[in-house]
file coords.csv (CSV, C-alpha atoms and all ligand atoms)
chain,number,residue,atom,x,y,z
A,299,MET,CA,10.5,12.7,-31.6
A,300,SER,CA,14.0,13.4,-30.4
A,301,GLU,CA,15.3,13.1,-34.0
A,302,ASN,CA,12.8,15.6,-35.3
A,303,PHE,CA,13.6,18.0,-32.6
A,304,THR,CA,17.3,17.9,-33.3
A,305,GLN,CA,16.7,18.1,-37.1
A,306,ASN,CA,14.3,21.0,-36.8
A,307,SER,CA,16.3,23.0,-34.3
A,308,THR,CA,19.7,24.8,-34.5
A,309,LEU,CA,21.2,22.2,-32.2
A,310,LYS,CA,24.2,20.4,-33.6
A,311,THR,CA,24.4,17.5,-31.2
A,312,GLN,CA,22.2,14.4,-31.5
A,313,HIS,CA,20.9,14.4,-28.0
A,314,SER,CA,19.4,11.3,-26.5
A,315,PHE,CA,16.2,11.9,-24.6
A,316,LYS,CA,14.4,10.0,-21.9
A,317,LEU,CA,11.7,7.9,-23.7
A,318,PRO,CA,12.9,7.1,-27.2
A,319,GLN,CA,11.1,3.7,-27.2
A,320,PHE,CA,7.6,5.3,-26.5
A,321,GLY,CA,5.5,7.0,-29.1
A,322,THR,CA,2.1,8.9,-28.9
A,323,THR,CA,-0.4,6.8,-26.8
A,324,ILE,CA,-2.7,4.5,-28.7
A,325,PHE,CA,-5.6,6.4,-27.2
A,326,THR,CA,-4.6,9.6,-29.0
A,327,VAL,CA,-3.8,7.8,-32.2
A,328,MET,CA,-7.2,6.0,-32.3
A,329,SER,CA,-9.1,9.1,-31.4
A,330,GLN,CA,-7.4,11.0,-34.2
A,331,LEU,CA,-8.2,8.2,-36.6
A,332,ALA,CA,-11.8,8.2,-35.4
A,333,ASN,CA,-12.0,11.9,-36.1
A,334,GLU,CA,-10.4,11.6,-39.5
A,335,HIS,CA,-13.0,9.0,-40.6
A,336,GLN,CA,-15.9,10.4,-38.6
A,337,ALA,CA,-16.1,7.0,-36.9
A,338,ILE,CA,-17.9,6.4,-33.6
A,339,ASN,CA,-15.2,6.6,-31.0
A,340,LEU,CA,-15.4,3.6,-28.6
A,341,ALA,CA,-11.7,3.7,-28.3
A,342,GLN,CA,-10.7,6.2,-25.6
A,343,GLY,CA,-12.1,5.7,-22.1
A,344,PHE,CA,-14.2,8.7,-21.4
A,345,PRO,CA,-18.0,9.4,-21.2
A,346,ASN,CA,-19.7,11.3,-24.0
A,347,PHE,CA,-22.6,12.3,-21.7
A,348,PRO,CA,-22.5,15.3,-19.4
A,349,CYS,CA,-21.5,15.3,-15.7
A,350,SER,CA,-24.0,16.6,-13.1
A,351,ASP,CA,-25.2,20.2,-13.5
A,352,GLN,CA,-25.1,20.5,-9.7
A,353,LEU,CA,-21.4,19.7,-9.7
A,354,VAL,CA,-20.7,22.3,-12.5
A,355,ASP,CA,-22.7,24.9,-10.5
A,356,LEU,CA,-20.6,24.1,-7.4
A,357,VAL,CA,-17.3,24.6,-9.3
A,358,THR,CA,-18.7,27.8,-10.8
A,359,PHE,CA,-19.7,29.0,-7.3
A,360,TYR,CA,-16.3,28.3,-5.9
A,361,MET,CA,-14.6,30.1,-8.8
A,362,LYS,CA,-16.9,33.1,-8.4
A,363,THR,CA,-16.4,33.3,-4.7
A,364,GLY,CA,-12.6,33.6,-5.0
A,365,HIS,CA,-11.2,30.0,-4.6
A,366,ASN,CA,-8.8,30.4,-7.5
A,367,GLN,CA,-5.3,30.3,-6.0
A,368,TYR,CA,-3.1,27.3,-5.1
A,369,ALA,CA,-4.8,24.7,-3.0
A,370,PRO,CA,-2.8,23.3,0.0
A,371,MET,CA,-0.2,20.9,-1.3
A,372,PRO,CA,-1.9,17.7,0.0
A,373,GLY,CA,-5.3,19.0,-1.1
A,374,VAL,CA,-8.3,20.9,0.3
A,375,ALA,CA,-8.9,19.6,3.9
A,376,ALA,CA,-12.7,19.3,3.4
A,377,LEU,CA,-12.3,17.0,0.4
A,378,ARG,CA,-9.7,14.8,2.2
A,379,GLU,CA,-12.2,14.5,5.1
A,380,GLN,CA,-15.0,13.3,2.7
A,381,ILE,CA,-12.6,10.8,1.1
A,382,ALA,CA,-11.6,9.5,4.5
A,383,LYS,CA,-15.3,9.0,5.5
A,384,LYS,CA,-16.1,7.3,2.2
A,385,THR,CA,-13.2,4.9,2.6
A,386,ALA,CA,-14.4,4.0,6.1
A,387,LEU,CA,-18.0,3.5,4.9
A,388,LEU,CA,-17.0,1.2,2.0
A,389,TYR,CA,-13.9,-0.6,3.2
A,390,GLY,CA,-14.0,-0.4,7.0
A,391,HIS,CA,-10.7,1.6,7.2
A,392,LEU,CA,-10.6,5.2,8.3
A,393,PRO,CA,-7.5,6.9,6.9
A,394,ASP,CA,-6.2,10.0,8.7
A,395,SER,CA,-7.3,12.8,6.4
A,396,ASN,CA,-4.3,14.9,7.5
A,397,SER,CA,-1.5,12.5,7.0
A,398,ASP,CA,-2.7,9.7,4.7
A,399,ILE,CA,-4.6,11.3,1.8
A,400,THR,CA,-3.3,13.5,-1.0
A,401,ILE,CA,-5.3,15.0,-3.9
A,402,THR,CA,-3.6,14.7,-7.3
A,403,CYS,CA,-4.1,15.9,-10.9
A,404,GLY,CA,-6.0,12.8,-12.0
A,405,ALA,CA,-5.0,9.3,-11.1
A,406,THR,CA,-2.4,9.6,-13.8
A,407,GLU,CA,-0.4,12.0,-11.6
A,408,ALA,CA,-1.0,9.7,-8.6
A,409,VAL,CA,0.4,6.7,-10.5
A,410,PHE,CA,3.4,8.7,-11.8
A,411,SER,CA,4.2,10.2,-8.4
A,412,THR,CA,3.9,6.9,-6.6
A,413,ILE,CA,6.3,5.1,-9.1
A,414,THR,CA,8.7,8.1,-8.8
A,415,THR,CA,8.5,7.9,-5.0
A,416,CYS,CA,9.3,4.2,-4.9
A,417,VAL,CA,11.4,3.1,-7.8
A,418,GLN,CA,15.2,3.5,-8.0
A,419,PRO,CA,17.5,2.3,-10.8
A,420,GLY,CA,17.6,-1.5,-11.0
A,421,ASP,CA,14.4,-2.0,-8.9
A,422,GLU,CA,12.0,-4.5,-10.3
A,423,VAL,CA,8.3,-3.7,-10.7
A,424,ILE,CA,5.8,-6.4,-11.3
A,425,VAL,CA,3.0,-5.4,-13.7
A,426,PHE,CA,0.2,-7.7,-14.7
A,427,GLU,CA,-0.4,-7.8,-18.4
A,428,PRO,CA,-2.3,-6.7,-20.4
A,429,ALA,CA,-1.6,-3.4,-18.5
A,430,PHE,CA,-2.8,0.1,-18.8
A,431,ASP,CA,-0.2,2.2,-20.6
A,432,ILE,CA,0.9,4.7,-18.0
A,433,TYR,CA,2.9,2.3,-15.8
A,434,ALA,CA,5.7,1.4,-18.2
A,435,PRO,CA,7.0,4.8,-19.1
A,436,ALA,CA,7.1,6.0,-15.4
A,437,ILE,CA,9.0,2.8,-14.5
A,438,SER,CA,11.4,3.4,-17.3
A,439,LEU,CA,12.0,7.1,-16.4
A,440,CYS,CA,13.0,5.9,-12.9
A,441,GLY,CA,15.4,3.4,-14.3
A,442,GLY,CA,13.3,0.5,-13.0
A,443,VAL,CA,12.9,-2.8,-14.6
A,444,LEU,CA,9.3,-3.8,-15.6
A,445,LYS,CA,8.6,-7.5,-14.9
A,446,PRO,CA,5.5,-8.5,-16.8
A,447,VAL,CA,3.2,-11.2,-15.3
A,448,ALA,CA,0.6,-12.4,-17.8
A,449,LEU,CA,-3.0,-12.7,-16.6
A,450,SER,CA,-4.5,-16.1,-17.5
A,451,LEU,CA,-6.7,-16.3,-20.5
A,452,PRO,CA,-9.6,-16.6,-21.2
A,453,ASP,CA,-10.9,-14.7,-18.2
A,454,TYR,CA,-7.7,-12.6,-17.3
A,455,ARG,CA,-7.3,-14.2,-13.8
A,456,LEU,CA,-4.3,-13.7,-11.5
A,457,ASP,CA,-2.0,-16.7,-11.8
A,458,HIS,CA,-0.8,-17.2,-8.2
A,459,GLU,CA,2.0,-19.5,-9.1
A,460,LEU,CA,3.3,-17.3,-11.9
A,461,LEU,CA,3.2,-14.3,-9.5
A,462,ALA,CA,5.0,-16.1,-6.7
A,463,LYS,CA,7.7,-17.1,-9.2
A,464,SER,CA,8.2,-13.6,-10.5
A,465,ILE,CA,9.1,-12.1,-7.1
A,466,SER,CA,12.9,-11.7,-6.6
A,467,SER,CA,15.2,-9.9,-4.1
A,468,LYS,CA,15.0,-6.9,-6.4
A,469,THR,CA,11.2,-6.6,-6.4
A,470,LYS,CA,10.3,-3.2,-5.1
A,471,LEU,CA,6.8,-2.6,-6.2
A,472,ILE,CA,3.8,-4.6,-7.5
A,473,ILE,CA,1.2,-2.7,-9.5
A,474,LEU,CA,-2.3,-4.2,-9.2
A,475,ASN,CA,-5.3,-2.8,-11.1
A,476,SER,CA,-8.8,-4.0,-10.2
A,477,PRO,CA,-11.3,-3.6,-11.7
A,478,HIS,CA,-8.9,-4.1,-14.6
A,479,ASN,CA,-8.3,-1.9,-17.6
A,480,PRO,CA,-8.4,-3.2,-20.3
A,481,SER,CA,-10.1,-6.6,-19.6
A,482,GLY,CA,-12.8,-5.6,-17.1
A,483,ALA,CA,-11.7,-8.6,-14.8
A,484,ILE,CA,-11.7,-8.1,-11.0
A,485,VAL,CA,-9.6,-9.7,-8.4
A,486,SER,CA,-11.3,-12.1,-6.0
A,487,HIS,CA,-11.1,-12.1,-2.2
A,488,GLU,CA,-8.9,-15.2,-2.5
A,489,ASP,CA,-6.5,-13.3,-4.8
A,490,MET,CA,-6.2,-10.5,-2.2
A,491,LEU,CA,-5.6,-13.0,0.6
A,492,PHE,CA,-3.0,-14.8,-1.5
A,493,LEU,CA,-1.2,-11.5,-2.2
A,494,GLU,CA,-1.3,-10.5,1.4
A,495,GLN,CA,0.2,-13.8,2.5
A,496,LEU,CA,2.8,-13.7,-0.3
A,497,LEU,CA,4.1,-10.3,0.7
A,498,LYS,CA,4.1,-10.9,4.5
A,499,GLY,CA,7.6,-10.5,5.9
A,500,THR,CA,8.8,-8.7,2.7
A,501,ASP,CA,9.4,-4.9,2.1
A,502,ILE,CA,7.6,-5.0,-1.2
A,503,LEU,CA,5.3,-2.1,-1.8
A,504,LEU,CA,1.9,-2.2,-3.6
A,505,LEU,CA,0.4,0.3,-6.0
A,506,SER,CA,-3.3,-0.6,-6.0
A,507,ASP,CA,-4.9,1.2,-9.0
A,508,GLU,CA,-8.6,1.2,-8.1
A,509,VAL,CA,-9.9,4.0,-10.4
A,510,TYR,CA,-12.9,1.8,-11.4
A,511,GLU,CA,-13.8,0.9,-7.8
A,512,HIS,CA,-17.4,1.9,-8.2
A,513,ILE,CA,-18.0,0.1,-11.5
A,514,VAL,CA,-18.5,-3.6,-10.7
A,515,PHE,CA,-21.4,-5.6,-12.2
A,516,ASP,CA,-23.8,-8.5,-11.5
A,517,GLY,CA,-23.8,-8.1,-7.7
A,518,LYS,CA,-20.0,-8.7,-7.5
A,519,LYS,CA,-17.9,-6.9,-5.1
A,520,HIS,CA,-14.8,-4.7,-5.5
A,521,HIS,CA,-12.0,-6.0,-3.2
A,522,SER,CA,-9.9,-3.0,-2.1
A,523,ALA,CA,-6.4,-3.2,-0.7
A,524,HIS,CA,-7.8,-1.1,2.2
A,525,GLU,CA,-9.7,-4.2,3.4
A,526,TYR,CA,-6.5,-6.3,4.0
A,527,PRO,CA,-4.4,-4.8,6.8
A,528,ASP,CA,-1.1,-6.3,5.8
A,529,LEU,CA,-1.6,-5.0,2.2
A,530,ARG,CA,-3.0,-1.6,3.3
A,531,ASN,CA,0.1,-1.0,5.4
A,532,ARG,CA,2.4,-1.3,2.3
A,533,SER,CA,0.0,0.3,-0.3
A,534,PHE,CA,-0.6,3.4,-2.2
A,535,VAL,CA,-4.3,3.1,-3.1
A,536,ILE,CA,-5.3,5.3,-6.1
A,537,SER,CA,-8.7,6.4,-7.2
A,538,SER,CA,-10.1,9.0,-9.8
A,539,LEU,CA,-12.8,11.5,-9.3
A,540,GLY,CA,-12.8,11.9,-13.0
A,541,LYS,CA,-13.9,8.3,-13.5
A,542,THR,CA,-16.4,8.3,-10.7
A,543,TYR,CA,-18.1,11.6,-11.6
A,544,HIS,CA,-17.8,11.7,-15.4
A,545,THR,CA,-15.3,14.5,-15.2
A,546,THR,CA,-12.1,13.1,-16.7
A,547,GLY,CA,-11.2,16.5,-18.1
A,548,TRP,CA,-11.0,18.1,-14.7
A,549,ARG,CA,-8.0,15.9,-13.8
A,550,MET,CA,-8.8,15.0,-10.3
A,551,GLY,CA,-7.6,11.9,-8.4
A,552,TYR,CA,-6.3,10.9,-5.0
A,553,VAL,CA,-3.9,8.6,-3.2
A,554,ILE,CA,-4.3,7.0,0.2
A,555,ALA,CA,-1.2,5.5,1.9
A,556,PRO,CA,0.0,5.1,5.5
A,557,LYS,CA,1.6,8.2,7.0
A,558,ALA,CA,5.3,7.3,6.4
A,559,LEU,CA,4.7,6.3,2.8
A,560,MET,CA,2.5,9.4,2.2
A,561,ALA,CA,5.2,11.7,3.6
A,562,GLU,CA,7.6,10.4,0.9
A,563,PHE,CA,4.9,10.6,-1.8
A,564,ARG,CA,4.2,14.3,-1.0
A,565,LYS,CA,7.9,15.2,-1.5
A,566,VAL,CA,7.5,14.1,-5.1
A,567,HIS,CA,4.0,15.4,-5.6
A,568,GLN,CA,4.9,18.9,-4.4
A,569,TYR,CA,7.5,19.3,-7.1
A,570,ILE,CA,5.5,17.7,-10.0
A,571,THR,CA,2.2,19.7,-9.7
A,572,PHE,CA,2.3,21.1,-6.1
A,573,SER,CA,-1.5,20.9,-5.9
A,574,ALA,CA,-4.6,20.1,-8.0
A,575,HIS,CA,-7.4,22.4,-9.3
A,576,THR,CA,-8.7,24.4,-6.3
A,577,PRO,CA,-12.4,25.2,-7.1
A,578,SER,CA,-13.0,21.5,-8.2
A,579,GLN,CA,-11.7,20.3,-4.8
A,580,TYR,CA,-14.2,22.5,-2.9
A,581,ALA,CA,-17.0,21.4,-5.2
A,582,PHE,CA,-16.2,17.7,-4.8
A,583,ALA,CA,-16.0,18.1,-1.0
A,584,GLU,CA,-19.6,19.1,-1.1
A,585,PHE,CA,-20.9,16.8,-3.9
A,586,MET,CA,-19.3,13.7,-2.4
A,587,LYS,CA,-21.6,13.9,0.6
A,588,ASP,CA,-24.3,12.4,-1.6
A,589,GLU,CA,-23.4,8.7,-1.4
A,590,SER,CA,-26.0,7.8,-4.0
A,591,GLN,CA,-23.8,9.4,-6.7
A,592,TYR,CA,-21.1,6.7,-6.4
A,593,LEU,CA,-23.2,3.9,-5.0
A,594,GLY,CA,-25.5,4.1,-8.1
A,595,LEU,CA,-22.6,3.9,-10.6
A,596,ASN,CA,-22.6,0.1,-10.8
A,597,ASP,CA,-26.2,0.0,-12.0
A,598,PHE,CA,-25.8,3.0,-14.3
A,599,PHE,CA,-22.9,1.3,-16.2
A,600,GLN,CA,-24.3,-2.2,-16.0
A,601,GLN,CA,-27.4,-0.9,-17.9
A,602,LYS,CA,-25.0,0.5,-20.6
A,603,ARG,CA,-23.1,-2.8,-20.8
A,604,ASP,CA,-26.3,-4.8,-21.1
A,605,LEU,CA,-27.7,-2.5,-23.8
A,606,PHE,CA,-24.5,-2.7,-25.8
A,607,LEU,CA,-24.3,-6.5,-25.5
A,608,ASN,CA,-27.9,-7.0,-26.3
A,609,ALA,CA,-27.6,-5.0,-29.4
A,610,LEU,CA,-24.6,-7.1,-30.4
A,611,LYS,CA,-26.4,-10.4,-30.2
A,612,THR,CA,-26.5,-11.0,-33.9
A,613,SER,CA,-22.9,-9.9,-34.5
A,614,ARG,CA,-20.0,-12.3,-35.3
A,615,PHE,CA,-17.8,-10.9,-32.5
A,616,LYS,CA,-17.3,-13.1,-29.5
A,617,VAL,CA,-18.1,-11.4,-26.2
A,618,ILE,CA,-15.6,-11.9,-23.3
A,619,PRO,CA,-17.6,-11.3,-20.1
A,620,THR,CA,-16.7,-8.1,-18.3
A,621,ALA,CA,-17.1,-7.9,-14.5
A,622,GLY,CA,-16.3,-4.2,-14.0
A,623,THR,CA,-15.0,-0.9,-15.6
A,624,TYR,CA,-16.6,0.6,-18.7
A,625,PHE,CA,-14.7,-1.6,-21.1
A,626,GLN,CA,-15.9,-4.6,-23.1
A,627,PHE,CA,-13.6,-7.1,-24.9
A,628,LEU,CA,-14.8,-8.4,-28.2
A,629,SER,CA,-12.8,-11.1,-30.0
A,630,TYR,CA,-12.7,-11.2,-33.8
A,631,GLN,CA,-11.3,-14.7,-33.9
A,632,GLY,CA,-12.6,-16.4,-37.0
A,633,MET,CA,-13.5,-13.1,-38.7
A,634,SER,CA,-10.0,-12.1,-39.7
A,635,ASP,CA,-6.4,-13.4,-39.4
A,636,GLY,CA,-4.9,-9.9,-39.4
A,637,ASN,CA,-3.2,-8.5,-36.3
A,638,ASP,CA,-5.3,-6.4,-34.0
A,639,VAL,CA,-3.7,-3.1,-34.8
A,640,ALA,CA,-4.5,-3.6,-38.5
A,641,TYR,CA,-8.0,-4.9,-37.7
A,642,ALA,CA,-8.8,-1.9,-35.4
A,643,THR,CA,-7.6,0.5,-38.1
A,644,GLN,CA,-9.7,-1.2,-40.7
A,645,LEU,CA,-12.7,-1.2,-38.3
A,646,THR,CA,-12.4,2.6,-37.9
A,647,ALA,CA,-11.7,3.5,-41.5
A,648,ILE,CA,-14.1,1.1,-43.2
A,649,HIS,CA,-16.8,0.2,-40.7
A,650,GLY,CA,-16.9,3.5,-38.8
A,651,VAL,CA,-16.2,2.2,-35.2
A,652,ALA,CA,-13.0,2.9,-33.3
A,653,ALA,CA,-11.7,0.5,-30.7
A,654,ILE,CA,-8.3,-0.2,-29.0
A,655,PRO,CA,-6.2,-3.2,-30.1
A,656,VAL,CA,-5.4,-5.2,-27.0
A,657,SER,CA,-1.8,-6.1,-28.1
A,658,VAL,CA,-0.7,-2.5,-27.2
A,659,PHE,CA,-1.3,-3.4,-23.5
A,660,TYR,CA,1.6,-5.9,-23.6
A,661,GLN,CA,5.4,-5.3,-23.6
A,662,GLU,CA,5.8,-8.1,-26.3
A,663,PRO,CA,2.8,-7.6,-28.5
A,664,GLN,CA,0.8,-10.8,-29.1
A,665,ASN,CA,-2.2,-11.2,-31.3
A,666,ASN,CA,-5.1,-12.6,-29.4
A,667,HIS,CA,-7.6,-11.1,-31.9
A,668,MET,CA,-9.0,-8.9,-29.2
A,669,LEU,CA,-10.3,-5.4,-29.2
A,670,ARG,CA,-11.4,-3.2,-26.3
A,671,PHE,CA,-14.6,-1.1,-26.6
A,672,CYS,CA,-15.6,1.7,-24.2
A,673,PHE,CA,-19.3,1.7,-23.4
A,674,ALA,CA,-19.3,4.9,-21.3
A,675,LYS,CA,-21.4,6.4,-24.1
A,676,ASP,CA,-25.1,7.5,-24.5
A,677,GLU,CA,-27.6,5.0,-25.6
A,678,GLU,CA,-27.8,6.3,-29.2
A,679,THR,CA,-24.1,6.1,-29.7
A,680,LEU,CA,-24.0,2.5,-28.4
A,681,LEU,CA,-26.9,1.4,-30.5
A,682,LYS,CA,-25.4,3.0,-33.7
A,683,ALA,CA,-22.0,1.4,-33.0
A,684,ALA,CA,-23.6,-2.0,-32.4
A,685,GLU,CA,-25.6,-1.7,-35.6
A,686,LYS,CA,-22.4,-1.1,-37.6
A,687,LEU,CA,-20.6,-4.0,-35.8
A,688,CYS,CA,-23.5,-6.4,-36.6
A,689,LYS,CA,-23.1,-5.7,-40.3
A,690,ILE,CA,-19.6,-7.1,-40.4
A,701,LIG,C1,-6.5,1.8,-14.9
A,701,LIG,C2,-6.4,3.3,-14.9
A,701,LIG,N1,-5.6,3.9,-14.1
A,701,LIG,C3,-5.5,5.3,-14.1
A,701,LIG,C4,-6.2,6.0,-15.0
A,701,LIG,C5,-6.0,7.5,-15.0
A,701,LIG,O1,-7.1,8.2,-14.5
A,701,LIG,P1,-7.3,9.7,-14.5
A,701,LIG,O2,-8.1,10.1,-15.7
A,701,LIG,O3,-8.0,10.1,-13.2
A,701,LIG,O4,-5.9,10.3,-14.6
A,701,LIG,C6,-7.0,5.4,-16.0
A,701,LIG,C7,-7.7,6.2,-17.0
A,701,LIG,O5,-8.1,5.7,-18.0
A,701,LIG,C8,-7.1,4.0,-15.9
A,701,LIG,O6,-7.9,3.3,-16.8
call {"tool": "encode", "arguments": {"input": "coords.csv", "output": "structure tokens", "more": "lines below"}}
Ligand SMILES: Cc1ncc(COP(=O)(O)O)c(C=O)c1O
result
Amino acid sequence: MSENFTQNSTLKTQHSFKLPQFGTTIFTVMSQLANEHQAINLAQGFPNFPCSDQLVDLVTFYMKTGHNQYAPMPGVAALREQIAKKTALLYGHLPDSNSDITITCGATEAVFSTITTCVQPGDEVIVFEPAFDIYAPAISLCGGVLKPVALSLPDYRLDHELLAKSISSKTKLIILNSPHNPSGAIVSHEDMLFLEQLLKGTDILLLSDEVYEHIVFDGKKHHSAHEYPDLRNRSFVISSLGKTYHTTGWRMGYVIAPKALMAEFRKVHQYITFSAHTPSQYAFAEFMKDESQYLGLNDFFQQKRDLFLNALKTSRFKVIPTAGTYFQFLSYQGMSDGNDVAYATQLTAIHGVAAIPVSVFYQEPQNNHMLRFCFAKDEETLLKAAEKLCKI
């Protein structure tokens, strides 16, 4: 990218830019490939069904009644109050809506601003792999050092011993993501107790990425950092209104952290975006009062997962159980020896279904013959995709 810019411009110097080692995200690449081949896109993680009409009406109402200028930097107070209430209801902790909550432009901005707030050159950041792709570039921009800790296969569990060994005097931040993208694994109560104990007496901070907090299956429970006092007091807990309300395009997320940490976070947030979309904040403040919208999400997505898996019963792909999120791992072990990027490309171009190769979620790509499929799609799309996959 930097090379092209210099070649195409009148600049004479070969500048070095900030992220030479990163390209376009795999999600954009696979979505473009899916479009090119008119393949069913189960690659990128977004719903293909509409969000609530009532929510759209609320945003329209607030736009039409003049709520179109900058929101307060930390977010609209009424929305922060609703988020505080929901946190107390679900996790037994009532954050102060004035000092502990900030509304962001999607969880993406929340993650970026948290990493920028915490990480200084040379600081080590522990990231569990496979890992969602937004952490590494932010760490790199801050001059931080990413320390990957592999989740244990086959079920992508937290390896306590490995985690304990990875901590050093330079560890500044741990990034935990549960329910986990891409694997769909969730951390257990024992994992959270272990982490709490491990960090006791240290100054290590925690970024707890909980954007799929409302998508957990089979009666299992999401364990939030909010529920563990010694973790909560060192945590930035991040969630996404886009994920919860099928509105990923509105770019709405939020962060909860203790007052002192949040004060530092806001210093960064105010210069990155200042504030998030105003009418949406007012609309969510009202819409969130209906608890059934987020409490019903587990069942809503479990039905989709079960429909997809049921339709895949005769396929040669091996199903890796998913406990949460709207992602499903399928292994093509025994079907091809090719690497997963080549296999995903072939699957899109020849068989008409796009998925994400899991190797891209590692710093050092490894071929576990695994693909990630997004099942946040309508019934017809899931059945059509499964039919194509069963023919392979
Ligand atoms: C684990 C994880 N964190 C953060 C995000 C970003 O969420 P948002 O769309 O609200 O920016 C995503 C989106 O896919 C995600 O999967």
call {"tool": "residues_around", "arguments": {"input": "coords.csv", "residues": "Tyr580 of chain A", "least_positions_apart": "3", "cutoff": "12 Å", "atoms": "only C-alpha atoms", "output": "PyMOL selection string"}}
result
chain A and resi 353-361+363-366+369-370+373-380+401+550+574-577+583-587
call {"tool": "residues_near_ligand", "arguments": {"input": "coords.csv", "ligand": "ligand LIG 701 (chain A)", "cutoff": "6 Å", "atoms": "all atoms listed in the file", "output": "list in words"}}
result
Gly343, Gly404, Ala405, Thr406, Phe430, Asn479, Asp507, Val509, Ser538, Gly540, Thr546, Arg549, Met550 and Gly551 of chain A
call {"tool": "closest_atom_pairs", "arguments": {"input": "coords.csv", "of": "segment 423-507 of chain A", "to": "segment 513-517 of chain A", "cutoff": "10 Å", "atoms": "all atoms listed in the file", "output": "Markdown table"}}
result
| residue | atom | partner | partner_atom | distance |
| --- | --- | --- | --- | --- |
| A:Ser476 | CA | A:Val514 | CA | 9.7 |
| A:Pro477 | CA | A:Val514 | CA | 7.3 |
| A:Gly482 | CA | A:Val514 | CA | 8.8 |
| A:Ala483 | CA | A:Val514 | CA | 9.4 |
| A:Ile484 | CA | A:Val514 | CA | 8.2 |
call {"tool": "closest_residue", "arguments": {"input": "coords.csv", "among": "A:Tyr569, A:Tyr641, A:Phe599, A:Phe625", "to": "Ala341 of chain A", "atoms": "all atoms listed in the file"}}
result
A:Phe625
call {"tool": "residues_around", "arguments": {"input": "coords.csv", "residues": "Leu497 of chain A", "least_positions_apart": "5", "cutoff": "9 Å", "atoms": "all atoms listed in the file", "output": "ChimeraX atom specification"}}
result
/A:492,502-503,528-529
call {"tool": "closest_atom_pairs", "arguments": {"input": "coords.csv", "of": "segment 581-683 of chain A", "to": "segment 416-429 of chain A", "cutoff": "8 Å", "atoms": "all atoms listed in the file", "output": "tab-separated table"}}
result
residue	atom	partner	partner_atom	distance
A:Val656	CA	A:Pro428	CA	7.4
A:Ser657	CA	A:Pro428	CA	7.7
A:Phe659	CA	A:Pro428	CA	4.6
A:Tyr660	CA	A:Pro428	CA	5.1
call {"tool": "write_last_selection", "arguments": {"input": "coords.csv", "atoms": "C-alpha atoms", "output": "tab-separated table (two decimals), in the frame of the given file"}}
result
chain	number	residue	atom	x	y	z
A	656	VAL	CA	-5.40	-5.20	-27.00
A	657	SER	CA	-1.80	-6.10	-28.10
A	659	PHE	CA	-1.30	-3.40	-23.50
A	660	TYR	CA	1.60	-5.90	-23.60
call {"tool": "atom_distance", "arguments": {"input": "coords.csv", "atom1": "atom CA of Ile399 of chain A", "atom2": "atom CA of Ser578 of chain A"}}
result
16.6 Å
call {"tool": "closest_residue", "arguments": {"input": "coords.csv", "among": "A:Leu669, A:Ala408, A:Leu605, A:Ala652", "to": "Asn333 of chain A", "atoms": "all atoms listed in the file"}}
result
A:Ala652
call {"tool": "atom_distance", "arguments": {"input": "coords.csv", "atom1": "atom CA of Val566 of chain A", "atom2": "atom CA of Asp398 of chain A"}}
result
14.8 Å
call {"tool": "closest_residue", "arguments": {"input": "coords.csv", "among": "A:Tyr543, A:Met633, A:Phe673, A:Ser438", "to": "Ala581 of chain A", "atoms": "all atoms listed in the file"}}
result
A:Tyr543
call {"tool": "residues_around", "arguments": {"input": "coords.csv", "residues": "Ser464 of chain A", "least_positions_apart": "2", "cutoff": "8 Å", "atoms": "only C-alpha atoms", "output": "PDB file with C-alpha atoms, in the coordinates of the input"}}
result
ATOM      1  CA  ILE A 424       5.800  -6.400 -11.300  1.00  0.00           C
ATOM      2  CA  LYS A 445       8.600  -7.500 -14.900  1.00  0.00           C
ATOM      3  CA  VAL A 447       3.200 -11.200 -15.300  1.00  0.00           C
ATOM      4  CA  LEU A 460       3.300 -17.300 -11.900  1.00  0.00           C
ATOM      5  CA  LEU A 461       3.200 -14.300  -9.500  1.00  0.00           C
ATOM      6  CA  ALA A 462       5.000 -16.100  -6.700  1.00  0.00           C
ATOM      7  CA  SER A 466      12.900 -11.700  -6.600  1.00  0.00           C
TER       8      SER A 466
END
call {"tool": "residues_around", "arguments": {"input": "coords.csv", "residues": "Ser590 of chain A", "least_positions_apart": "5", "cutoff": "12 Å", "atoms": "only C-alpha atoms", "output": "ChimeraX atom specification"}}
result
/A:384,512,542-543,585,595-598
call {"tool": "write_last_selection", "arguments": {"input": "coords.csv", "atoms": "C-alpha atoms", "output": "tab-separated table (two decimals), in the coordinates of the input"}}
result
chain	number	residue	atom	x	y	z
A	384	LYS	CA	-16.10	7.30	2.20
A	512	HIS	CA	-17.40	1.90	-8.20
A	542	THR	CA	-16.40	8.30	-10.70
A	543	TYR	CA	-18.10	11.60	-11.60
A	585	PHE	CA	-20.90	16.80	-3.90
A	595	LEU	CA	-22.60	3.90	-10.60
A	596	ASN	CA	-22.60	0.10	-10.80
A	597	ASP	CA	-26.20	0.00	-12.00
A	598	PHE	CA	-25.80	3.00	-14.30
call {"tool": "atom_distance", "arguments": {"input": "coords.csv", "atom1": "atom CA of Ala434 of chain A", "atom2": "atom CA of Gln342 of chain A"}}
result
18.6 Å
call {"tool": "closest_residue", "arguments": {"input": "coords.csv", "among": "A:His391, A:Arg603, A:Arg530, A:Lys616", "to": "Asp676 of chain A", "atoms": "all atoms listed in the file"}}
result
A:Arg603
